[in-house]
Amino acid sequence: MNRFPESPRVSRRMDAVQAPIIPVVAELIRQNPGTISLGQGVVSYPPPPEAFAQVARLAEQPELNKYQAVYGVPDLLAAIAQKHETENGFSINDNHRVVVTAGGNMAFMNAVLAICDTGDEVILPTPYYFNHEMALTMIGARAVCVPTDAQYQLDLDAIAAAITPRTKAIVTVSPNNPTGAVYPEAALRAVNALCRERGLYHISDEAYEYFVYGDAKHFSAASMAGSAEHTISLYSLSKSYGFASWRIGWMVIPAHLMEAVNKVQDTILICPPVASQFAAVGAMQAGAAFRRDKLATLAAVRAHVMRELNALEDFCVVPPADGAFYFFLRLQRDWTPLALVQRLVREFKVAAIPGTAFGVNDACYLRISYGALQPEAVAAGIGRLVKGLRALASEVAPSSAS
């Protein structure tokens, strides 16, 4: 009798990982030409010219085409250090160390690989960013999901109650993907203090730090006195500088994690793409002057989207979204989220992301993004969305996907 399986199989860990929703919706869009996507979380603008100018340095210095330092090239590390000193309220020093990564997702994966053992727990406020939950499942850790309140703000008592002897970290994403919520300084201070008291890491994802509107303010947990030993801060250029495909982010970590993170980085990446790192130097030189006009345009688009969504107020709840470029709609209808998305694409040529991808199942939610398109396309897309939801609300709930 053959004791061996008939063929190799996928790991059980990967079987347990949710399928990434963005490609699923992208395929649906491809099957329905003319669809306007309010789905993927990217910006419509390209990097500043300074980014492309810096890439020419690789032709001038042949040595740069070889592997470089695992944690980043000196010019980019210097630009990052200056940015944190002037914008985030803390210094890069012997306590705060920087590792440049291939985007913010890799920074998160580096962090959890460095701090988690199999079976450890990491607290994710929900709705969560789906790639965070996916990463934890991949490495054999457990995401402990803690609901936020009706405004998508942190429930500090619920977070504290979720801590067990296996908890290794609490994750905050502010400004938030997928909700657009911005957590107040006091809440982030409370989470950081809780981590210090309980011997946990605070993983602070700040990829959307510049995308705040009105009176909302971004706050960096690493700026707190006494936070350096337990705070892991994650950053990305993908959104702020139109840098998504260049894949440059970084992490600011306690010094005692540097060896572990370098092991992860050297195994997976060896070093961040050097051409992208020099492009990042140029982008950061463009700085606030480049971002200012882009953010002003986004703020105007956001205001238009909010006005359009008000037409659905009898069955659609839109909690405050003072950051990022998302709204996370709570629809007071008994709809299956993915089936609803499918009907919106097929019948109204507009796409959104079902809320189930972000770990919420108590109602029907949709995430819409207003960052990826030119303002006129966003206006057309939100018009289709409002028309479609209004039409579907007047009939029987969408059936499950076939």
# chains A, B, ... in the order shown; residues from 1 in each chain; ligands from 1
>>> closest_atom_pairs(of="stretch 189-253 of chain A", to="stretch 87-106 of chain A", cutoff="10 Å", atoms="only C-alpha atoms", output="tab-separated table")
residue	atom	partner	partner_atom	distance
A:Asp205	CA	A:Gly104	CA	8.3
A:Glu206	CA	A:Gly104	CA	9.2
A:Ala207	CA	A:Gly104	CA	7.1
A:Glu209	CA	A:Asn88	CA	9.5
A:His218	CA	A:Asn88	CA	8.9
A:Phe219	CA	A:Asn88	CA	7.5
A:Ser220	CA	A:Asn88	CA	6.0
A:Ala221	CA	A:Asn88	CA	9.0
A:Ala222	CA	A:Phe90	CA	6.7
A:Ser223	CA	A:Phe90	CA	4.9
A:Met224	CA	A:Phe90	CA	8.2
A:Ala225	CA	A:Phe90	CA	9.2
A:Ser227	CA	A:Asn95	CA	9.6
A:Ala228	CA	A:Asn95	CA	6.0
A:Glu229	CA	A:Asn95	CA	7.2
A:Thr231	CA	A:His96	CA	9.0
A:Ile232	CA	A:His96	CA	9.1
A:Ser233	CA	A:Val98	CA	9.5
A:Leu234	CA	A:Gly104	CA	6.4
A:Tyr235	CA	A:Gly104	CA	6.0
A:Ser236	CA	A:Gly104	CA	5.2
A:Leu237	CA	A:Gly103	CA	7.6
A:Ser238	CA	A:Gly103	CA	7.2
A:Phe243	CA	A:Gly103	CA	9.4
A:Ala244	CA	A:Gly103	CA	8.0
A:Ser245	CA	A:Gly103	CA	9.0
A:Trp246	CA	A:Ala102	CA	8.1
A:Arg247	CA	A:Gly103	CA	4.5
A:Ile248	CA	A:Gly103	CA	4.4
A:Gly249	CA	A:Gly103	CA	4.1
A:Trp250	CA	A:Val100	CA	4.1
A:Met251	CA	A:Val99	CA	5.4
A:Val252	CA	A:Val98	CA	4.6
A:Ile253	CA	A:Arg97	CA	5.3
>>> residues_around(residues="A:Ala150", least_positions_apart="4", cutoff="12 Å", atoms="only C-alpha atoms", output="VMD selection string")
chain A and resid 126 to 127 154 to 155 179 181 317 to 320 328 to 330
>>> write_last_selection(atoms="C-alpha atoms", output="mmCIF file, in the first residue's frame")
data_model
loop_
_atom_site.group_PDB
_atom_site.id
_atom_site.type_symbol
_atom_site.label_atom_id
_atom_site.label_comp_id
_atom_site.auth_asym_id
_atom_site.auth_seq_id
_atom_site.Cartn_x
_atom_site.Cartn_y
_atom_site.Cartn_z
ATOM 1 C CA THR A 126 -11.891 45.964 12.678
ATOM 2 C CA PRO A 127 -12.517 46.800 9.945
ATOM 3 C CA LEU A 154 -10.887 52.571 18.674
ATOM 4 C CA ASP A 155 -12.665 50.855 21.582
ATOM 5 C CA THR A 179 -12.607 53.508 6.892
ATOM 6 C CA ALA A 181 -11.062 57.363 10.248
ATOM 7 C CA VAL A 317 -24.686 55.335 6.939
ATOM 8 C CA VAL A 318 -21.455 57.189 6.158
ATOM 9 C CA PRO A 319 -19.381 57.600 9.364
ATOM 10 C CA PRO A 320 -16.849 60.443 9.497
ATOM 11 C CA PHE A 328 -16.684 52.747 4.358
ATOM 12 C CA LEU A 329 -20.424 52.639 3.761
ATOM 13 C CA ARG A 330 -22.793 50.774 6.084
#
>>> select_by_dssp(residues="stretch 265-378 of chain A", states="strand (DSSP E)", output="list in words")
Cys316, Val317, Tyr326, Phe327, Phe328, Leu329, Arg330, Leu331, Val350, Ala351, Ile353, Pro354, Cys364, Tyr365, Leu366, Arg367, Ile368 and Ser369 of chain A
>>> closest_atom_pairs(of="stretch 299-345 of chain A", to="stretch 361-385 of chain A", cutoff="9 Å", atoms="only C-alpha atoms", output="tab-separated table")
residue	atom	partner	partner_atom	distance
A:Ala300	CA	A:Pro375	CA	8.6
A:Val301	CA	A:Pro375	CA	6.0
A:Arg302	CA	A:Tyr370	CA	7.0
A:His304	CA	A:Ala379	CA	7.4
A:Val305	CA	A:Ile382	CA	6.6
A:Glu308	CA	A:Ile382	CA	7.1
A:Leu309	CA	A:Ile382	CA	8.1
A:Ala324	CA	A:Gly371	CA	8.6
A:Phe325	CA	A:Gly371	CA	5.6
A:Tyr326	CA	A:Ser369	CA	4.6
A:Phe327	CA	A:Ile368	CA	5.5
A:Phe328	CA	A:Arg367	CA	4.5
A:Leu329	CA	A:Leu366	CA	5.2
A:Arg330	CA	A:Tyr365	CA	4.7
A:Leu331	CA	A:Cys364	CA	5.4
A:Gln332	CA	A:Cys364	CA	7.1
A:Arg333	CA	A:Cys364	CA	7.0
A:Asp334	CA	A:Cys364	CA	7.0
A:Trp335	CA	A:Cys364	CA	6.0
A:Thr336	CA	A:Cys364	CA	6.5
A:Pro337	CA	A:Cys364	CA	5.5
A:Leu340	CA	A:Cys364	CA	9.0
A:Val341	CA	A:Leu366	CA	8.3
A:Leu344	CA	A:Leu385	CA	7.3
>>> write_last_selection(atoms="C-alpha atoms", output="mmCIF file, in the first residue's frame")
data_model
loop_
_atom_site.group_PDB
_atom_site.id
_atom_site.type_symbol
_atom_site.label_atom_id
_atom_site.label_comp_id
_atom_site.auth_asym_id
_atom_site.auth_seq_id
_atom_site.Cartn_x
_atom_site.Cartn_y
_atom_site.Cartn_z
ATOM 1 C CA ALA A 300 -12.371 68.880 -3.214
ATOM 2 C CA VAL A 301 -13.175 65.437 -4.636
ATOM 3 C CA ARG A 302 -13.909 64.173 -1.120
ATOM 4 C CA HIS A 304 -18.177 66.154 -3.790
ATOM 5 C CA VAL A 305 -18.402 62.469 -2.880
ATOM 6 C CA GLU A 308 -23.499 62.728 -3.429
ATOM 7 C CA LEU A 309 -23.652 60.106 -0.679
ATOM 8 C CA ALA A 324 -6.977 58.658 3.635
ATOM 9 C CA PHE A 325 -9.237 58.609 0.542
ATOM 10 C CA TYR A 326 -11.901 56.105 1.510
ATOM 11 C CA PHE A 327 -15.466 55.943 2.716
ATOM 12 C CA PHE A 328 -16.684 52.747 4.358
ATOM 13 C CA LEU A 329 -20.424 52.639 3.761
ATOM 14 C CA ARG A 330 -22.793 50.774 6.084
ATOM 15 C CA LEU A 331 -25.846 49.788 4.038
ATOM 16 C CA GLN A 332 -29.027 49.093 5.980
ATOM 17 C CA ARG A 333 -30.274 46.412 3.633
ATOM 18 C CA ASP A 334 -30.030 42.628 3.787
ATOM 19 C CA TRP A 335 -27.572 42.391 0.911
ATOM 20 C CA THR A 336 -24.699 39.976 0.349
ATOM 21 C CA PRO A 337 -21.702 42.317 -0.160
ATOM 22 C CA LEU A 340 -23.993 43.561 -4.473
ATOM 23 C CA VAL A 341 -20.593 44.445 -5.955
ATOM 24 C CA LEU A 344 -23.145 47.194 -9.404
#
>>> residues_around(residues="A:Leu312", least_positions_apart="5", cutoff="9 Å", atoms="only C-alpha atoms", output="list in words")
Val317, Val386, Leu389 and Arg390 of chain A
>>> atom_distance(atom1="atom CA of A:Asn110", atom2="atom CA of A:Cys271")
13.0 Å
>>> closest_residue(among="A:Ile353, A:Ala141, A:Ile123, A:Met258", to="A:Cys195", atoms="only C-alpha atoms")
A:Ile123
>>> residues_around(residues="A:Asp15", least_positions_apart="2", cutoff="12 Å", atoms="only C-alpha atoms", output="number ranges by chain")
A: 9-13, 17-19, 134, 137-138, 140
>>> write_last_selection(atoms="N, CA and C atoms", output="JSON list (two decimals), in the first residue's frame")
[["chain", "number", "residue", "atom", "x", "y", "z"],
["A", 9, "ARG", "N", 0.70, 19.07, -2.22],
["A", 9, "ARG", "CA", -0.45, 19.93, -1.92],
["A", 9, "ARG", "C", 0.02, 21.26, -1.34],
["A", 10, "VAL", "N", -0.85, 22.24, -1.44],
["A", 10, "VAL", "CA", -0.59, 23.56, -0.88],
["A", 10, "VAL", "C", -0.55, 23.48, 0.64],
["A", 11, "SER", "N", 0.25, 24.33, 1.27],
["A", 11, "SER", "CA", 0.34, 24.31, 2.73],
["A", 11, "SER", "C", -1.01, 24.65, 3.36],
["A", 12, "ARG", "N", -1.26, 24.07, 4.53],
["A", 12, "ARG", "CA", -2.51, 24.35, 5.25],
["A", 12, "ARG", "C", -2.60, 25.83, 5.64],
["A", 13, "ARG", "N", -1.45, 26.44, 5.93],
["A", 13, "ARG", "CA", -1.47, 27.87, 6.27],
["A", 13, "ARG", "C", -2.03, 28.68, 5.10],
["A", 17, "VAL", "N", -5.60, 31.31, 4.20],
["A", 17, "VAL", "CA", -5.49, 32.74, 3.89],
["A", 17, "VAL", "C", -6.60, 33.15, 2.93],
["A", 18, "GLN", "N", -7.27, 34.26, 3.23],
["A", 18, "GLN", "CA", -8.32, 34.73, 2.35],
["A", 18, "GLN", "C", -7.75, 35.11, 0.99],
["A", 19, "ALA", "N", -8.55, 34.90, -0.06],
["A", 19, "ALA", "CA", -8.12, 35.30, -1.39],
["A", 19, "ALA", "C", -8.10, 36.83, -1.46],
["A", 134, "MET", "N", -4.01, 38.76, 6.42],
["A", 134, "MET", "CA", -3.44, 37.72, 5.56],
["A", 134, "MET", "C", -2.01, 37.37, 5.97],
["A", 137, "THR", "N", -1.96, 35.22, 9.15],
["A", 137, "THR", "CA", -2.36, 33.84, 8.87],
["A", 137, "THR", "C", -1.23, 33.08, 8.18],
["A", 138, "MET", "N", -0.54, 33.73, 7.26],
["A", 138, "MET", "CA", 0.56, 33.09, 6.53],
["A", 138, "MET", "C", 1.67, 32.61, 7.45],
["A", 140, "GLY", "N", 1.39, 31.75, 10.59],
["A", 140, "GLY", "CA", 0.94, 30.89, 11.66],
["A", 140, "GLY", "C", 0.60, 31.61, 12.94]]
>>> select_by_dssp(residues="stretch 158-317 of chain A", states="alpha helix (DSSP H)", output="MDAnalysis selection string")
chainID A and resid 158:161 185:198 258:268 274:309
>>> closest_residue(among="A:Thr35, A:Thr86, A:Asn192, A:Ser174", to="A:Lys217", atoms="only C-alpha atoms")
A:Ser174
>>> atom_distance(atom1="atom CA of A:Lys239", atom2="atom CA of A:Ala288")
13.6 Å
>>> closest_atom_pairs(of="stretch 292-341 of chain A", to="stretch 182-185 of chain A", cutoff="8 Å", atoms="only C-alpha atoms", output="tab-separated table")
residue	atom	partner	partner_atom	distance
A:Ala321	CA	A:Val182	CA	7.3
A:Asp322	CA	A:Val182	CA	6.0
A:Gly323	CA	A:Val182	CA	5.7
>>> write_last_selection(atoms="N, CA and C atoms", output="compact mmCIF listing (two decimals), in the first residue's frame")
# COMPACT_ATOMS: atom_id res chain seq x y z
N ALA A 321 -15.07 60.35 7.87
CA ALA A 321 -13.86 59.84 7.23
C ALA A 321 -12.95 61.03 6.97
N ASP A 322 -12.17 61.41 7.98
CA ASP A 322 -11.37 62.62 7.93
C ASP A 322 -9.95 62.38 7.43
N GLY A 323 -9.69 61.16 6.92
CA GLY A 323 -8.36 60.86 6.43
C GLY A 323 -8.37 59.86 5.30
>>> residues_around(residues="stretch 160-168 of chain A", least_positions_apart="4", cutoff="9 Å", atoms="only C-alpha atoms", output="ChimeraX atom specification")
/A:115-116,119-123,144-146,155-156,191,194,198-202
>>> residues_around(residues="A:Ile21", least_positions_apart="5", cutoff="10 Å", atoms="only C-alpha atoms", output="count of residues only")
10
>>> decode(residues="stretch 78-211 of chain A", atoms="C-alpha atoms", output="tab-separated table (two decimals), in the first residue's frame")
chain	number	residue	atom	x	y	z
A	78	ALA	CA	19.28	60.60	5.48
A	79	ALA	CA	16.12	61.89	3.77
A	80	ILE	CA	13.97	59.69	6.00
A	81	ALA	CA	15.77	60.87	9.14
A	82	GLN	CA	15.21	64.51	8.19
A	83	LYS	CA	11.54	63.84	7.44
A	84	HIS	CA	10.91	62.29	10.86
A	85	GLU	CA	12.76	65.08	12.63
A	86	THR	CA	10.75	67.84	10.94
A	87	GLU	CA	7.37	66.18	10.37
A	88	ASN	CA	6.84	63.40	12.91
A	89	GLY	CA	8.45	64.76	16.04
A	90	PHE	CA	11.14	62.16	16.70
A	91	SER	CA	14.75	61.51	15.73
A	92	ILE	CA	16.42	58.52	14.12
A	93	ASN	CA	19.10	57.48	16.59
A	94	ASP	CA	20.40	54.49	18.54
A	95	ASN	CA	16.85	53.85	19.81
A	96	HIS	CA	14.92	54.40	16.56
A	97	ARG	CA	16.39	52.46	13.62
A	98	VAL	CA	15.24	52.55	9.98
A	99	VAL	CA	14.91	49.68	7.51
A	100	VAL	CA	13.82	50.57	3.97
A	101	THR	CA	11.44	47.98	2.51
A	102	ALA	CA	9.72	47.13	-0.76
A	103	GLY	CA	6.54	48.94	0.25
A	104	GLY	CA	4.46	49.14	3.41
A	105	ASN	CA	3.15	45.57	3.17
A	106	MET	CA	6.67	44.22	3.35
A	107	ALA	CA	7.36	46.42	6.35
A	108	PHE	CA	4.43	44.81	8.16
A	109	MET	CA	5.53	41.30	7.16
A	110	ASN	CA	9.07	42.04	8.36
A	111	ALA	CA	7.66	43.20	11.68
A	112	VAL	CA	5.43	40.22	12.41
A	113	LEU	CA	8.06	37.71	11.29
A	114	ALA	CA	10.50	39.37	13.68
A	115	ILE	CA	8.21	39.40	16.73
A	116	CYS	CA	5.76	36.48	16.39
A	117	ASP	CA	6.06	32.76	16.98
A	118	THR	CA	3.53	30.20	15.76
A	119	GLY	CA	0.29	30.60	17.70
A	120	ASP	CA	1.03	34.13	18.92
A	121	GLU	CA	-1.75	36.72	18.71
A	122	VAL	CA	-1.88	40.21	17.24
A	123	ILE	CA	-4.84	42.51	17.89
A	124	LEU	CA	-6.39	44.08	14.80
A	125	PRO	CA	-9.17	46.66	15.24
A	126	THR	CA	-11.89	45.96	12.68
A	127	PRO	CA	-12.52	46.80	9.94
A	128	TYR	CA	-8.90	45.77	9.39
A	129	TYR	CA	-6.57	46.22	6.41
A	130	PHE	CA	-6.90	42.79	4.79
A	131	ASN	CA	-3.20	42.31	3.97
A	132	HIS	CA	-2.41	42.59	7.69
A	133	GLU	CA	-4.76	39.72	8.52
A	134	MET	CA	-3.44	37.72	5.56
A	135	ALA	CA	0.17	38.17	6.67
A	136	LEU	CA	-0.59	36.93	10.18
A	137	THR	CA	-2.36	33.84	8.87
A	138	MET	CA	0.56	33.09	6.53
A	139	ILE	CA	3.09	33.00	9.35
A	140	GLY	CA	0.94	30.89	11.66
A	141	ALA	CA	0.00	33.72	14.03
A	142	ARG	CA	-3.59	34.57	14.97
A	143	ALA	CA	-5.35	37.83	14.25
A	144	VAL	CA	-7.57	38.79	17.19
A	145	CYS	CA	-10.24	41.06	15.74
A	146	VAL	CA	-11.64	43.77	18.01
A	147	PRO	CA	-14.56	45.86	16.71
A	148	THR	CA	-14.35	49.64	16.58
A	149	ASP	CA	-17.30	51.84	17.55
A	150	ALA	CA	-20.05	53.15	15.27
A	151	GLN	CA	-17.72	55.93	14.06
A	152	TYR	CA	-14.90	53.43	13.39
A	153	GLN	CA	-12.92	54.78	16.33
A	154	LEU	CA	-10.89	52.57	18.67
A	155	ASP	CA	-12.66	50.86	21.58
A	156	LEU	CA	-9.87	50.98	24.14
A	157	ASP	CA	-11.68	48.86	26.73
A	158	ALA	CA	-12.34	46.13	24.16
A	159	ILE	CA	-8.70	46.19	23.05
A	160	ALA	CA	-7.49	45.81	26.65
A	161	ALA	CA	-9.95	42.97	27.25
A	162	ALA	CA	-8.65	41.09	24.19
A	163	ILE	CA	-5.07	40.84	25.52
A	164	THR	CA	-3.99	37.32	26.49
A	165	PRO	CA	-0.65	35.74	27.42
A	166	ARG	CA	-0.13	35.01	23.68
A	167	THR	CA	-0.62	38.62	22.55
A	168	LYS	CA	2.47	40.15	20.97
A	169	ALA	CA	1.23	43.40	19.42
A	170	ILE	CA	-1.63	45.82	18.86
A	171	VAL	CA	-1.94	47.28	15.35
A	172	THR	CA	-3.31	50.74	14.60
A	173	VAL	CA	-3.77	52.20	11.11
A	174	SER	CA	-4.30	55.97	11.20
A	175	PRO	CA	-5.44	57.54	8.94
A	176	ASN	CA	-7.30	54.32	8.38
A	177	ASN	CA	-7.69	51.96	5.48
A	178	PRO	CA	-10.52	51.04	4.87
A	179	THR	CA	-12.61	53.51	6.89
A	180	GLY	CA	-10.87	56.86	6.47
A	181	ALA	CA	-11.06	57.36	10.25
A	182	VAL	CA	-8.29	59.38	11.92
A	183	TYR	CA	-7.54	58.30	15.48
A	184	PRO	CA	-7.10	61.16	17.96
A	185	GLU	CA	-3.75	61.65	19.63
A	186	ALA	CA	-5.24	60.68	22.99
A	187	ALA	CA	-6.40	57.30	21.68
A	188	LEU	CA	-3.03	56.50	20.12
A	189	ARG	CA	-1.26	57.56	23.31
A	190	ALA	CA	-3.55	55.24	25.26
A	191	VAL	CA	-2.80	52.28	22.98
A	192	ASN	CA	0.94	52.95	23.18
A	193	ALA	CA	0.82	53.21	26.97
A	194	LEU	CA	-1.16	49.96	27.15
A	195	CYS	CA	1.52	48.25	25.07
A	196	ARG	CA	4.26	49.56	27.35
A	197	GLU	CA	2.40	48.38	30.47
A	198	ARG	CA	1.65	44.90	29.09
A	199	GLY	CA	4.99	44.27	27.38
A	200	LEU	CA	3.55	44.41	23.84
A	201	TYR	CA	4.58	46.06	20.59
A	202	HIS	CA	2.53	48.87	19.12
A	203	ILE	CA	2.60	48.51	15.32
A	204	SER	CA	1.61	51.94	14.03
A	205	ASP	CA	0.82	51.93	10.29
A	206	GLU	CA	1.07	55.52	9.04
A	207	ALA	CA	0.99	55.00	5.27
A	208	TYR	CA	-1.71	57.69	4.88
A	209	GLU	CA	-0.15	60.22	7.25
A	210	TYR	CA	-0.48	63.18	4.87
A	211	PHE	CA	-4.09	62.51	3.88
